[in-house]
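Novice: Supplied in structure tokens, the structure appears directly below.
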Amino acid sequence: MSLPLTYHGDDTENEEFTIVYNYDWSTTSLGPMDSWDPKIKNSLDLCLQSAYPICLFLGPDLITIFNKAFLQLRVARNSYEIGKSANKIITMPDYQLSQLKT
């Protein structure tokens, strides 16, 4: 049996939405959320509603946005922060980071 595509387990889902939608995105390379392409907004909505761990790397600086399930992964617990550049939080060779940008 597979997991449902969306997670409606408790009120902490609303907390994730609140954090993401109240973040000051104008301080990032993505700019204010109102200026985002509809494709990015749709991807974000799918990410936040999914029961599966998802992390989006957006824009030229690979700004991270992730859902609650992603935080349950061991790799994400201590290093990932919403709205921060992956260049600053992920330790991997430059050639691998450059692959994320293509």
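Here's how to read the names in the structure tokens: chain A, B, ... by the order shown, residue numbers from 1 in each chain, ligand numbers from 1 in the order shown.
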Applying 12 Å and only C-alpha atoms, which residues near stretch 23-33 of chain A remain after dropping the ones on its own chain fewer than 5 positions away? List them as an MDAnalysis selection string.

Specialist: chainID A and resid 16:18 38 40:42 44 57:65 81:85

Novice: Name the residues of stretch 29-59 of chain A that fall into strand (DSSP E or B) according to DSSP on the backbone, using the chain letters and numbers of this document, as a PyMOL selection string.

Specialist: chain A and resi 50+55-58

Novice: Measure the distance from atom CA of A:Ser43 to atom CA of A:Lys68 in Å and round it to one decimal.

Specialist: 15.1 Å
